[in-house]
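Novice: mmCIF, C-alpha atoms and all ligand atoms, saved as run-v2.cif, coming up:
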data_start
loop_
_atom_site.group_PDB
_atom_site.id
_atom_site.type_symbol
_atom_site.label_atom_id
_atom_site.label_comp_id
_atom_site.auth_asym_id
_atom_site.auth_seq_id
_atom_site.Cartn_x
_atom_site.Cartn_y
_atom_site.Cartn_z
ATOM 1 C CA GLY A 1 54.724 -27.135 27.204
ATOM 2 C CA VAL A 2 55.882 -26.875 23.611
ATOM 3 C CA PHE A 3 58.952 -24.930 24.768
ATOM 4 C CA TYR A 4 60.486 -28.152 26.078
ATOM 5 C CA GLU A 5 59.678 -30.028 22.872
ATOM 6 C CA ARG A 6 62.120 -27.960 20.840
ATOM 7 C CA TYR A 7 65.906 -27.567 20.767
ATOM 8 C CA HIS A 8 67.161 -24.202 21.962
ATOM 9 C CA SER A 9 70.019 -21.947 20.973
ATOM 10 C CA LEU A 10 72.680 -21.208 23.582
ATOM 11 C CA GLU A 11 71.344 -17.661 24.005
ATOM 12 C CA ASP A 12 67.837 -19.060 24.669
ATOM 13 C CA ILE A 13 69.267 -21.454 27.244
ATOM 14 C CA TYR A 14 71.074 -18.655 29.125
ATOM 15 C CA TYR A 15 67.839 -16.664 29.086
ATOM 16 C CA TRP A 16 65.932 -19.732 30.343
ATOM 17 C CA ILE A 17 68.400 -20.246 33.218
ATOM 18 C CA ASN A 18 67.888 -16.663 34.330
ATOM 19 C CA LYS A 19 64.108 -16.764 33.984
ATOM 20 C CA THR A 20 63.763 -20.128 35.766
ATOM 21 C CA SER A 21 65.811 -18.983 38.735
ATOM 22 C CA ARG A 22 63.848 -15.715 39.007
ATOM 23 C CA GLU A 23 60.435 -17.370 38.756
ATOM 24 C CA HIS A 24 61.295 -20.160 41.220
ATOM 25 C CA SER A 25 63.616 -18.379 43.619
ATOM 26 C CA ASP A 26 62.251 -20.490 46.491
ATOM 27 C CA MET A 27 63.604 -23.704 44.940
ATOM 28 C CA VAL A 28 66.329 -22.672 42.500
ATOM 29 C CA LYS A 29 69.704 -21.027 42.961
ATOM 30 C CA VAL A 30 72.219 -20.238 40.208
ATOM 31 C CA ILE A 31 75.878 -21.004 40.866
ATOM 32 C CA LEU A 32 78.656 -19.823 38.538
ATOM 33 C CA ILE A 33 81.229 -22.635 38.570
ATOM 34 C CA GLY A 34 83.655 -21.303 35.958
ATOM 35 C CA SER A 35 83.832 -20.315 32.328
ATOM 36 C CA SER A 36 84.502 -21.958 28.978
ATOM 37 C CA SER A 37 87.607 -21.520 26.867
ATOM 38 C CA GLU A 38 85.809 -18.764 24.902
ATOM 39 C CA LYS A 39 84.868 -17.212 28.288
ATOM 40 C CA ARG A 40 81.197 -18.119 28.390
ATOM 41 C CA PRO A 41 79.801 -18.653 31.895
ATOM 42 C CA LEU A 42 79.130 -22.175 33.213
ATOM 43 C CA TYR A 43 76.003 -21.937 35.351
ATOM 44 C CA VAL A 44 74.763 -24.701 37.612
ATOM 45 C CA LEU A 45 71.152 -24.709 38.790
ATOM 46 C CA LYS A 46 70.738 -25.942 42.354
ATOM 47 C CA LEU A 47 67.256 -27.366 42.950
ATOM 48 C CA SER A 48 66.010 -28.018 46.491
ATOM 49 C CA GLY A 49 62.635 -28.894 47.987
ATOM 50 C CA LYS A 50 60.891 -26.544 50.386
ATOM 51 C CA ARG A 51 62.103 -28.278 53.487
ATOM 52 C CA GLU A 52 62.548 -27.384 57.153
ATOM 53 C CA GLU A 53 66.100 -28.628 57.453
ATOM 54 C CA GLU A 54 69.147 -28.685 55.251
ATOM 55 C CA VAL A 55 70.084 -32.069 53.839
ATOM 56 C CA ASN A 56 73.601 -33.265 53.269
ATOM 57 C CA ARG A 57 72.945 -35.414 50.254
ATOM 58 C CA ALA A 58 73.101 -34.231 46.648
ATOM 59 C CA MET A 59 73.124 -35.444 43.082
ATOM 60 C CA TRP A 60 74.892 -33.891 40.121
ATOM 61 C CA MET A 61 73.789 -34.023 36.501
ATOM 62 C CA ASP A 62 75.597 -32.541 33.517
ATOM 63 C CA CYS A 63 74.332 -32.375 29.965
ATOM 64 C CA GLY A 64 76.022 -31.429 26.723
ATOM 65 C CA ILE A 65 79.649 -32.419 27.308
ATOM 66 C CA HIS A 66 79.552 -33.250 23.603
ATOM 67 C CA ALA A 67 78.406 -30.398 21.401
ATOM 68 C CA ARG A 68 76.322 -32.246 18.815
ATOM 69 C CA GLU A 69 74.285 -34.287 21.305
ATOM 70 C CA TRP A 70 71.404 -31.802 21.394
ATOM 71 C CA ILE A 71 68.997 -34.103 23.218
ATOM 72 C CA ALA A 72 71.259 -33.843 26.293
ATOM 73 C CA PRO A 73 70.748 -30.128 27.123
ATOM 74 C CA ALA A 74 67.096 -30.615 26.123
ATOM 75 C CA PHE A 75 66.890 -33.292 28.844
ATOM 76 C CA CYS A 76 68.463 -31.088 31.517
ATOM 77 C CA MET A 77 65.844 -28.439 30.717
ATOM 78 C CA TRP A 78 63.072 -31.050 30.653
ATOM 79 C CA PHE A 79 64.203 -32.361 34.047
ATOM 80 C CA VAL A 80 64.277 -28.925 35.683
ATOM 81 C CA ASN A 81 60.842 -28.073 34.317
ATOM 82 C CA TYR A 82 59.448 -31.429 35.465
ATOM 83 C CA ALA A 83 60.937 -31.074 38.944
ATOM 84 C CA LEU A 84 59.471 -27.608 39.439
ATOM 85 C CA ALA A 85 56.078 -28.472 37.926
ATOM 86 C CA PHE A 86 55.586 -31.780 39.734
ATOM 87 C CA TYR A 87 57.118 -31.058 43.147
ATOM 88 C CA ASN A 88 54.397 -32.044 45.647
ATOM 89 C CA GLN A 89 52.440 -33.705 42.798
ATOM 90 C CA ASN A 90 54.607 -36.681 41.849
ATOM 91 C CA THR A 91 55.893 -38.796 44.736
ATOM 92 C CA GLU A 92 59.272 -39.701 43.246
ATOM 93 C CA ILE A 93 60.386 -36.196 42.306
ATOM 94 C CA THR A 94 59.052 -34.860 45.619
ATOM 95 C CA GLU A 95 61.067 -37.444 47.533
ATOM 96 C CA MET A 96 64.146 -36.553 45.502
ATOM 97 C CA LEU A 97 63.854 -32.820 46.126
ATOM 98 C CA ASN A 98 63.060 -33.301 49.805
ATOM 99 C CA LYS A 99 65.983 -35.616 50.430
ATOM 100 C CA MET A 100 68.713 -34.270 48.160
ATOM 101 C CA ASP A 101 69.923 -31.119 46.473
ATOM 102 C CA ILE A 102 70.105 -31.474 42.702
ATOM 103 C CA TYR A 103 72.896 -29.694 40.835
ATOM 104 C CA ILE A 104 72.319 -29.333 37.102
ATOM 105 C CA LEU A 105 74.814 -28.116 34.506
ATOM 106 C CA THR A 106 72.611 -27.712 31.424
ATOM 107 C CA VAL A 107 75.391 -27.135 28.890
ATOM 108 C CA MET A 108 78.867 -28.208 29.960
ATOM 109 C CA ASN A 109 80.328 -27.309 26.551
ATOM 110 C CA PRO A 110 78.712 -24.001 25.550
ATOM 111 C CA ASP A 111 81.368 -23.074 22.951
ATOM 112 C CA GLY A 112 80.957 -26.362 21.117
ATOM 113 C CA TYR A 113 77.159 -26.193 21.379
ATOM 114 C CA LYS A 114 77.151 -22.707 19.879
ATOM 115 C CA TYR A 115 79.452 -23.944 17.080
ATOM 116 C CA THR A 116 76.996 -26.741 16.191
ATOM 117 C CA TRP A 117 74.279 -24.095 15.707
ATOM 118 C CA THR A 118 76.386 -21.743 13.589
ATOM 119 C CA THR A 119 79.065 -23.681 11.733
ATOM 120 C CA ASP A 120 79.290 -27.460 12.041
ATOM 121 C CA ARG A 121 76.295 -29.461 13.282
ATOM 122 C CA MET A 122 78.465 -32.550 13.872
ATOM 123 C CA TRP A 123 81.098 -30.896 16.121
ATOM 124 C CA ARG A 124 81.854 -32.894 19.297
ATOM 125 C CA LYS A 125 84.720 -31.242 21.234
ATOM 126 C CA ASN A 126 85.062 -27.875 22.925
ATOM 127 C CA ARG A 127 86.580 -24.989 20.914
ATOM 128 C CA SER A 128 89.916 -24.311 22.569
ATOM 129 C CA GLU A 129 92.957 -23.522 20.454
ATOM 130 C CA ASN A 130 95.576 -26.253 20.312
ATOM 131 C CA LYS A 131 99.258 -25.459 20.450
ATOM 132 C CA ASP A 132 101.132 -26.246 17.197
ATOM 133 C CA SER A 133 97.958 -27.289 15.359
ATOM 134 C CA TYR A 134 95.368 -25.733 13.085
ATOM 135 C CA CYS A 135 92.757 -28.078 14.562
ATOM 136 C CA ALA A 136 90.637 -26.784 17.429
ATOM 137 C CA GLY A 137 89.045 -28.515 20.362
ATOM 138 C CA VAL A 138 89.519 -31.122 23.070
ATOM 139 C CA ASP A 139 87.113 -33.964 23.819
ATOM 140 C CA LEU A 140 86.023 -33.032 27.348
ATOM 141 C CA ASN A 141 85.041 -36.650 27.995
ATOM 142 C CA ARG A 142 88.664 -37.698 27.403
ATOM 143 C CA ASN A 143 90.148 -34.843 29.451
ATOM 144 C CA PHE A 144 89.450 -36.086 33.001
ATOM 145 C CA ASP A 145 92.143 -37.712 35.117
ATOM 146 C CA ALA A 146 91.122 -41.382 34.729
ATOM 147 C CA ASN A 147 93.757 -43.424 32.869
ATOM 148 C CA TRP A 148 94.076 -40.255 30.827
ATOM 149 C CA CYS A 149 94.930 -40.601 27.115
ATOM 150 C CA THR A 150 95.444 -44.357 27.106
ATOM 151 C CA LYS A 151 93.788 -46.689 24.552
ATOM 152 C CA GLY A 152 90.414 -45.266 23.412
ATOM 153 C CA ALA A 153 91.542 -41.615 23.276
ATOM 154 C CA SER A 154 93.719 -39.752 20.781
ATOM 155 C CA ASP A 155 96.756 -37.511 21.257
ATOM 156 C CA ASP A 156 96.143 -35.902 17.847
ATOM 157 C CA PRO A 157 94.492 -32.450 18.136
ATOM 158 C CA CYS A 158 92.701 -33.079 14.834
ATOM 159 C CA ASP A 159 90.954 -36.194 16.156
ATOM 160 C CA PRO A 160 87.399 -35.992 17.602
ATOM 161 C CA THR A 161 88.573 -37.852 20.728
ATOM 162 C CA TYR A 162 91.637 -35.659 21.378
ATOM 163 C CA CYS A 163 92.472 -35.908 25.092
ATOM 164 C CA GLY A 164 94.121 -32.474 25.464
ATOM 165 C CA GLN A 165 97.635 -31.507 26.579
ATOM 166 C CA PHE A 166 97.266 -32.912 30.093
ATOM 167 C CA PRO A 167 94.444 -34.072 32.397
ATOM 168 C CA GLU A 168 92.048 -31.193 33.197
ATOM 169 C CA SER A 169 93.775 -28.947 30.663
ATOM 170 C CA GLU A 170 90.373 -27.493 29.701
ATOM 171 C CA PRO A 171 88.522 -24.842 31.727
ATOM 172 C CA GLU A 172 85.218 -26.751 31.374
ATOM 173 C CA THR A 173 86.796 -29.910 32.832
ATOM 174 C CA GLN A 174 88.487 -27.862 35.573
ATOM 175 C CA ALA A 175 85.239 -26.166 36.573
ATOM 176 C CA VAL A 176 83.338 -29.438 36.951
ATOM 177 C CA ALA A 177 86.230 -31.223 38.680
ATOM 178 C CA LYS A 178 86.745 -28.345 41.106
ATOM 179 C CA PHE A 179 83.040 -28.160 41.986
ATOM 180 C CA LEU A 180 82.765 -31.908 42.561
ATOM 181 C CA ARG A 181 85.991 -32.010 44.594
ATOM 182 C CA SER A 182 84.669 -29.309 46.888
ATOM 183 C CA HIS A 183 81.255 -31.059 47.205
ATOM 184 C CA LYS A 184 82.435 -34.657 47.304
ATOM 185 C CA ASP A 185 81.173 -35.276 50.829
ATOM 186 C CA THR A 186 77.590 -34.458 49.846
ATOM 187 C CA VAL A 187 77.339 -35.519 46.187
ATOM 188 C CA LYS A 188 76.354 -39.198 46.266
ATOM 189 C CA LEU A 189 75.188 -39.557 42.667
ATOM 190 C CA TYR A 190 76.867 -38.423 39.453
ATOM 191 C CA LEU A 191 74.966 -38.487 36.178
ATOM 192 C CA SER A 192 76.247 -37.474 32.750
ATOM 193 C CA ILE A 193 73.836 -37.204 29.823
ATOM 194 C CA HIS A 194 74.902 -38.061 26.257
ATOM 195 C CA SER A 195 73.482 -39.457 23.046
ATOM 196 C CA TYR A 196 73.019 -41.584 21.077
ATOM 197 C CA SER A 197 72.662 -45.406 21.321
ATOM 198 C CA GLN A 198 70.283 -45.986 24.261
ATOM 199 C CA MET A 199 72.531 -47.243 27.024
ATOM 200 C CA LEU A 200 72.770 -46.912 30.790
ATOM 201 C CA LEU A 201 76.463 -47.115 31.667
ATOM 202 C CA PHE A 202 78.576 -47.112 34.815
ATOM 203 C CA PRO A 203 82.357 -47.354 35.501
ATOM 204 C CA TYR A 204 84.744 -48.325 34.371
ATOM 205 C CA SER A 205 85.125 -47.209 30.783
ATOM 206 C CA CYS A 206 88.837 -46.501 31.239
ATOM 207 C CA SER A 207 89.678 -50.148 31.986
ATOM 208 C CA TYR A 208 88.101 -53.599 31.992
ATOM 209 C CA ASN A 209 88.432 -53.800 35.803
ATOM 210 C CA GLU A 210 85.212 -54.367 37.721
ATOM 211 C CA ILE A 211 84.352 -51.784 40.364
ATOM 212 C CA PRO A 212 83.676 -53.051 43.925
ATOM 213 C CA ASN A 213 79.943 -52.277 43.709
ATOM 214 C CA HIS A 214 79.568 -53.595 40.142
ATOM 215 C CA ASN A 215 76.711 -55.951 40.998
ATOM 216 C CA GLU A 216 74.697 -53.274 42.777
ATOM 217 C CA LEU A 217 75.012 -50.803 39.898
ATOM 218 C CA PHE A 218 74.356 -53.537 37.355
ATOM 219 C CA GLU A 219 71.074 -54.515 39.068
ATOM 220 C CA LEU A 220 70.132 -50.850 39.282
ATOM 221 C CA VAL A 221 70.552 -50.067 35.575
ATOM 222 C CA LYS A 222 68.908 -53.389 34.752
ATOM 223 C CA GLU A 223 65.852 -52.320 36.767
ATOM 224 C CA ALA A 224 65.828 -48.916 35.044
ATOM 225 C CA SER A 225 66.110 -50.533 31.619
ATOM 226 C CA THR A 226 63.291 -52.994 32.398
ATOM 227 C CA LYS A 227 61.044 -50.128 33.482
ATOM 228 C CA ILE A 228 61.771 -48.183 30.303
ATOM 229 C CA ARG A 229 60.874 -51.236 28.233
ATOM 230 C CA ARG A 230 57.609 -51.728 30.157
ATOM 231 C CA TYR A 231 56.487 -48.111 30.195
ATOM 232 C CA TYR A 232 57.804 -46.848 26.863
ATOM 233 C CA ARG A 233 58.439 -50.006 24.794
ATOM 234 C CA ASN A 234 62.044 -49.092 24.113
ATOM 235 C CA ASN A 235 65.276 -51.006 24.680
ATOM 236 C CA TYR A 236 68.280 -49.718 26.602
ATOM 237 C CA LYS A 237 71.451 -51.748 26.934
ATOM 238 C CA TYR A 238 73.206 -51.542 30.272
ATOM 239 C CA GLY A 239 76.471 -52.414 31.982
ATOM 240 C CA SER A 240 79.946 -51.111 32.562
ATOM 241 C CA GLY A 241 81.168 -48.744 29.845
ATOM 242 C CA ALA A 242 84.224 -50.716 28.741
ATOM 243 C CA LYS A 243 82.235 -53.924 28.290
ATOM 244 C CA THR A 244 79.053 -52.348 26.906
ATOM 245 C CA ILE A 245 80.398 -49.841 24.366
ATOM 246 C CA TYR A 246 84.128 -49.440 24.262
ATOM 247 C CA LEU A 247 87.277 -48.629 26.176
ATOM 248 C CA ALA A 248 87.323 -44.836 26.589
ATOM 249 C CA PRO A 249 89.639 -43.277 29.184
ATOM 250 C CA GLY A 250 89.490 -39.784 30.681
ATOM 251 C CA GLY A 251 85.714 -39.728 31.143
ATOM 252 C CA SER A 252 83.846 -37.765 33.780
ATOM 253 C CA ASP A 253 81.948 -40.791 35.163
ATOM 254 C CA ASP A 254 85.118 -42.797 35.891
ATOM 255 C CA TRP A 255 86.811 -39.758 37.406
ATOM 256 C CA ALA A 256 83.796 -38.984 39.630
ATOM 257 C CA TYR A 257 83.728 -42.628 40.737
ATOM 258 C CA ASP A 258 87.394 -42.546 41.734
ATOM 259 C CA LEU A 259 86.745 -39.283 43.591
ATOM 260 C CA GLY A 260 84.428 -41.305 45.825
ATOM 261 C CA ILE A 261 81.023 -40.862 44.186
ATOM 262 C CA LYS A 262 80.077 -44.546 44.190
ATOM 263 C CA TYR A 263 76.906 -44.048 42.144
ATOM 264 C CA SER A 264 78.211 -42.740 38.830
ATOM 265 C CA PHE A 265 76.469 -43.133 35.487
ATOM 266 C CA THR A 266 76.478 -42.066 31.860
ATOM 267 C CA PHE A 267 73.172 -42.224 30.000
ATOM 268 C CA GLU A 268 73.174 -42.449 26.236
ATOM 269 C CA LEU A 269 69.713 -41.282 25.178
ATOM 270 C CA GLN A 270 67.790 -41.928 21.938
ATOM 271 C CA ASP A 271 68.035 -43.078 19.333
ATOM 272 C CA ARG A 272 69.827 -46.209 18.136
ATOM 273 C CA GLY A 273 71.138 -44.634 14.954
ATOM 274 C CA GLN A 274 68.213 -43.932 12.649
ATOM 275 C CA TYR A 275 68.588 -40.181 13.165
ATOM 276 C CA GLY A 276 71.588 -40.339 15.499
ATOM 277 C CA PHE A 277 72.595 -36.879 16.732
ATOM 278 C CA LEU A 278 69.934 -35.340 14.450
ATOM 279 C CA LEU A 279 67.069 -36.652 16.583
ATOM 280 C CA PRO A 280 63.898 -34.823 15.432
ATOM 281 C CA PRO A 281 62.237 -32.569 18.035
ATOM 282 C CA SER A 282 59.111 -34.750 17.963
ATOM 283 C CA PHE A 283 61.193 -37.442 19.741
ATOM 284 C CA ILE A 284 62.157 -35.156 22.646
ATOM 285 C CA PRO A 285 59.212 -35.991 24.961
ATOM 286 C CA GLN A 286 59.654 -39.750 24.861
ATOM 287 C CA ALA A 287 63.464 -39.605 24.987
ATOM 288 C CA CYS A 288 63.284 -37.346 28.050
ATOM 289 C CA ASN A 289 60.599 -39.399 29.796
ATOM 290 C CA GLU A 290 62.752 -42.501 29.395
ATOM 291 C CA ALA A 291 65.791 -40.777 30.908
ATOM 292 C CA LEU A 292 63.652 -39.276 33.683
ATOM 293 C CA LEU A 293 62.380 -42.729 34.622
ATOM 294 C CA ALA A 294 65.928 -44.089 34.804
ATOM 295 C CA ALA A 295 67.104 -41.082 36.848
ATOM 296 C CA LYS A 296 64.252 -41.587 39.336
ATOM 297 C CA VAL A 297 64.968 -45.310 39.798
ATOM 298 C CA ILE A 298 68.630 -44.599 40.484
ATOM 299 C CA ALA A 299 68.121 -41.508 42.681
ATOM 300 C CA LEU A 300 65.564 -43.249 44.916
ATOM 301 C CA HIS A 301 67.947 -46.171 45.377
ATOM 302 C CA VAL A 302 70.746 -43.763 46.327
ATOM 303 C CA ILE A 303 68.461 -42.043 48.831
ATOM 304 C CA ASN A 304 67.725 -45.397 50.472
ATOM 305 C CA LYS A 305 71.375 -46.435 50.546
ATOM 306 C CA THR A 306 73.142 -43.238 51.671
HETATM 307 O O1 LIG B 1 82.596 -41.868 24.167
HETATM 308 C C1 LIG B 1 81.992 -41.177 25.002
HETATM 309 O O2 LIG B 1 82.511 -40.229 25.582
HETATM 310 C C2 LIG B 1 80.537 -41.512 25.329
HETATM 311 N N1 LIG B 1 79.824 -41.892 24.128
HETATM 312 S S1 LIG B 1 79.434 -40.697 23.044
HETATM 313 O O3 LIG B 1 78.907 -41.343 21.854
HETATM 314 N N2 LIG B 1 78.272 -39.798 23.646
HETATM 315 O O4 LIG B 1 80.591 -39.907 22.805
HETATM 316 C C3 LIG B 1 80.499 -42.655 26.322
HETATM 317 C C4 LIG B 1 81.048 -42.310 27.672
HETATM 318 C C5 LIG B 1 81.132 -43.469 28.588
HETATM 319 N N3 LIG B 1 81.998 -43.160 29.700
HETATM 320 C C6 LIG B 1 83.331 -43.020 29.563
HETATM 321 N N4 LIG B 1 83.950 -43.242 28.449
HETATM 322 N N5 LIG B 1 84.016 -42.702 30.637
HETATM 323 ZN ZN ZN B 2 78.688 -37.907 24.216
#
Starting from the coordinates I provided, produce the structure as structure tokens.

Specialist:
Amino acid sequence: GVFYERYHSLEDIYYWINKTSREHSDMVKVILIGSSSEKRPLYVLKLSGKREEEVNRAMWMDCGIHAREWIAPAFCMWFVNYALAFYNQNTEITEMLNKMDIYILTVMNPDGYKYTWTTDRMWRKNRSENKDSYCAGVDLNRNFDANWCTKGASDDPCDPTYCGQFPESEPETQAVAKFLRSHKDTVKLYLSIHSYSQMLLFPYSCSYNEIPNHNELFELVKEASTKIRRYYRNNYKYGSGAKTIYLAPGGSDDWAYDLGIKYSFTFELQDRGQYGFLLPPSFIPQACNEALLAAKVIALHVINKT
């Protein structure tokens, strides 16, 4: 519907979370995992198929770590709507929901997202106050405990890639890390949604070291990229983060990998820079369908392997 072809304010998204869970109470549960630095709730939607038995396999997806990347929360919403609408219609999404629980954090950085709607469209970080500085905000994707604050992050609170005072200094980072730590035996797939530049990335970004299952993940994102090119005539680069974009420590994907989630990915959605973060709403359907295709390829592989 047209609702999913627009960007939504934070208030709309909270309303949507509530409405979706009420209207699909048989498949959706809401879990409060923590709150932001300005005390906004961080809600995770748990999607499950209507199955006889519990499964002990799950995937996690977060959107909107970075405030200005509006296509990311739009994708989380698109995904939830697709899953609920096409369960028992589309084979891939049905298989996913029958064989795994899907945890979705639609806006990991609600304070920053709100700020991009009211004050500064190009804001990236969260909105926490920094000690001894007039500059606000920490880059949540530099705040995880993975070679924290080494080359590729900044220790200057005024910088857009400020790593924070210490690893997991931010309540948003803490909430996600705590949830994943307590679900690490079931969560087999970690997915983080960003924009822009059209890339399918996997660890490491915090070093040039190759992970033990590099070849497997490389083939997987290659397959996803090939499918996107075939179906949607669009190009996605793929590979490990450090080699494909840049060295960037403290990211959620690297941290999740080291926690033991061996299928860990960051997607950079459309576009390749024409509109950048200001991707027009008319691009939402194709951008989301591309990401959905990649998510399906990866999730089905994980189901077969775990
Ligand atoms: O730099 C980032 O955090 C991501 N790119 S963005 O333009 N959306 O900011 C890339 C993240 C890749 N993964 C890690 N750096 N761990
Ligand atoms: Zn980002």

Novice: Can you list what the PyMOL selection byres (((chain A and resi 83) around 12) and not hetatm) grabs from this structure, as a ChimeraX atom specification?

Specialist: /A:20,24,27-28,46-49,75-82,84-98,101-102,104,292,295-296

Novice: Using all atoms listed in the file, which residues of the polymer chains come no farther than 10 Å from ligand ZN 2 (chain B)? I'd like the answer as a list in words.

Specialist: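 The residues within 10 Å of ligand ZN 2 (chain B), counting all atoms listed in the file, are Cys63, Gly64, Ile65, His66, Ala67, Arg68, Glu69, Trp70, Ala72, Arg124, Lys125, Asp139, Leu140, Asn141, Ser192, Ile193, His194, Ser195, Tyr196, Thr266, Phe267, Glu268, Leu269 and Phe277 of chain A.
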
Novice: By how many Å are CA of Pro249 in chain A and CA of Leu32 in chain A apart?

Specialist: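 These two atoms are separated by 27.5 Å.
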
Novice: Using only C-alpha atoms and all ligand atoms, can you tell me which of A:Ile211, A:Ile245, A:Ile33, A:Ala224 comes closest to ligand LIG 1 (chain B)?

Specialist: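 Of A:Ile211, A:Ile245, A:Ile33, A:Ala224, the one nearest ligand LIG 1 (chain B), counting only C-alpha atoms and all ligand atoms, is A:Ile245.
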
Novice: Between A:Arg22, A:Ser282, A:Ala294, A:Gly276, which residue has the minimum interatomic distance to Lys227 in chain A, considering all atoms listed in the file?

Specialist: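 Between A:Arg22, A:Ser282, A:Ala294, A:Gly276, the residue approaching Lys227 in chain A most closely is A:Ala294.
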
Novice: Counting all atoms listed in the file, which of A:Leu200, A:Cys163, A:Ala153, A:Leu278 gets nearest to Leu247 in chain A?

Specialist: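 Residue with the minimum atom-to-atom distance to Leu247 in chain A: A:Ala153.
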
Novice: When you draw a straight line from CA of Leu45 in chain A to CA of Ile31 in chain A, how long is it in Å?

Specialist: 6.4 Å

Novice: Might you spell out which residues the PyMOL selection byres (((chain A and resi 285-290) around 6) and not hetatm) would select in the displayed file, as a VMD selection string?

Specialist: chain A and resid 75 228 270 283 to 284 291 to 293

Novice: So, with all atoms listed in the file as the atoms that count, which of A:Thr161, A:Ser205, A:Asn143, A:Asn235 lies closest to ligand LIG 1 (chain B)?

Specialist: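 Residue with the minimum atom-to-atom distance to ligand LIG 1 (chain B): A:Ser205.
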
Novice: For CA of Tyr246 in chain A and CA of Tyr263 in chain A, quote the distance in Å rounded to one decimal.

Specialist: 20.0 Å

Novice: List, as number ranges by chain, every residue that the PyMOL selection byres (((chain A and resi 127) around 10) and not hetatm) selects in the file provided.

Specialist: A: 36-38, 67, 109-115, 123-126, 128-130, 135-139, 170

Novice: Can you sort out the box for ligand LIG 1 (chain B), edges along x, y and z, all listed atoms in, 6 Å on every side, with centre and edge lengths in Å to one decimal, as AutoDock Vina command-line options?

Specialist:
--center_x 81.1 --center_y -41.6 --center_z 26.2 --size_x 17.7 --size_y 15.7 --size_z 20.8

Novice: For ligand LIG 1 (chain B), which of A:Gln165, A:Cys158, A:Glu216, A:Met122 is the closest residue, counting only C-alpha atoms and all ligand atoms?

Specialist: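 Looking only at the distances to ligand LIG 1 (chain B), the closest residue turns out to be A:Met122.
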
Novice: Which residues are close to Tyr208 in chain A, i.e. within 12 Å by all atoms listed in the file, leaving aside same-chain residues fewer than 5 positions away? Reply as a short mmCIF file (atom, residue, chain, number, x, y, z; two decimals) with C-alpha atoms, in the frame of the given file.

Specialist:
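part_23.cif, written as the output of this step:
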data_model
loop_
_atom_site.label_atom_id
_atom_site.label_comp_id
_atom_site.auth_asym_id
_atom_site.auth_seq_id
_atom_site.Cartn_x
_atom_site.Cartn_y
_atom_site.Cartn_z
CA ASN A 147 93.76 -43.42 32.87
CA LYS A 151 93.79 -46.69 24.55
CA PHE A 202 78.58 -47.11 34.82
CA PRO A 203 82.36 -47.35 35.50
CA HIS A 214 79.57 -53.60 40.14
CA GLY A 239 76.47 -52.41 31.98
CA SER A 240 79.95 -51.11 32.56
CA GLY A 241 81.17 -48.74 29.84
CA ALA A 242 84.22 -50.72 28.74
CA LYS A 243 82.24 -53.92 28.29
CA THR A 244 79.05 -52.35 26.91
CA ILE A 245 80.40 -49.84 24.37
CA TYR A 246 84.13 -49.44 24.26
CA LEU A 247 87.28 -48.63 26.18
CA ALA A 248 87.32 -44.84 26.59
CA PRO A 249 89.64 -43.28 29.18
CA ASP A 254 85.12 -42.80 35.89
#

Novice: Do a neighbour search on Tyr236 in chain A at 7 Å with only C-alpha atoms, toss out local chain neighbours closer than 6 positions, and write the hits as a list in words.

Specialist: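 That gives Gln198, Met199, Leu200 and Ser225 of chain A.
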
Novice: For a quick check of understanding, using all atoms listed in the file, which of A:Ala177, A:Val187, A:Ala146, A:Val221 has the smallest distance to Tyr204 in chain A?

Specialist: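 The shortest atom-to-atom distance to Tyr204 in chain A comes from A:Ala146.
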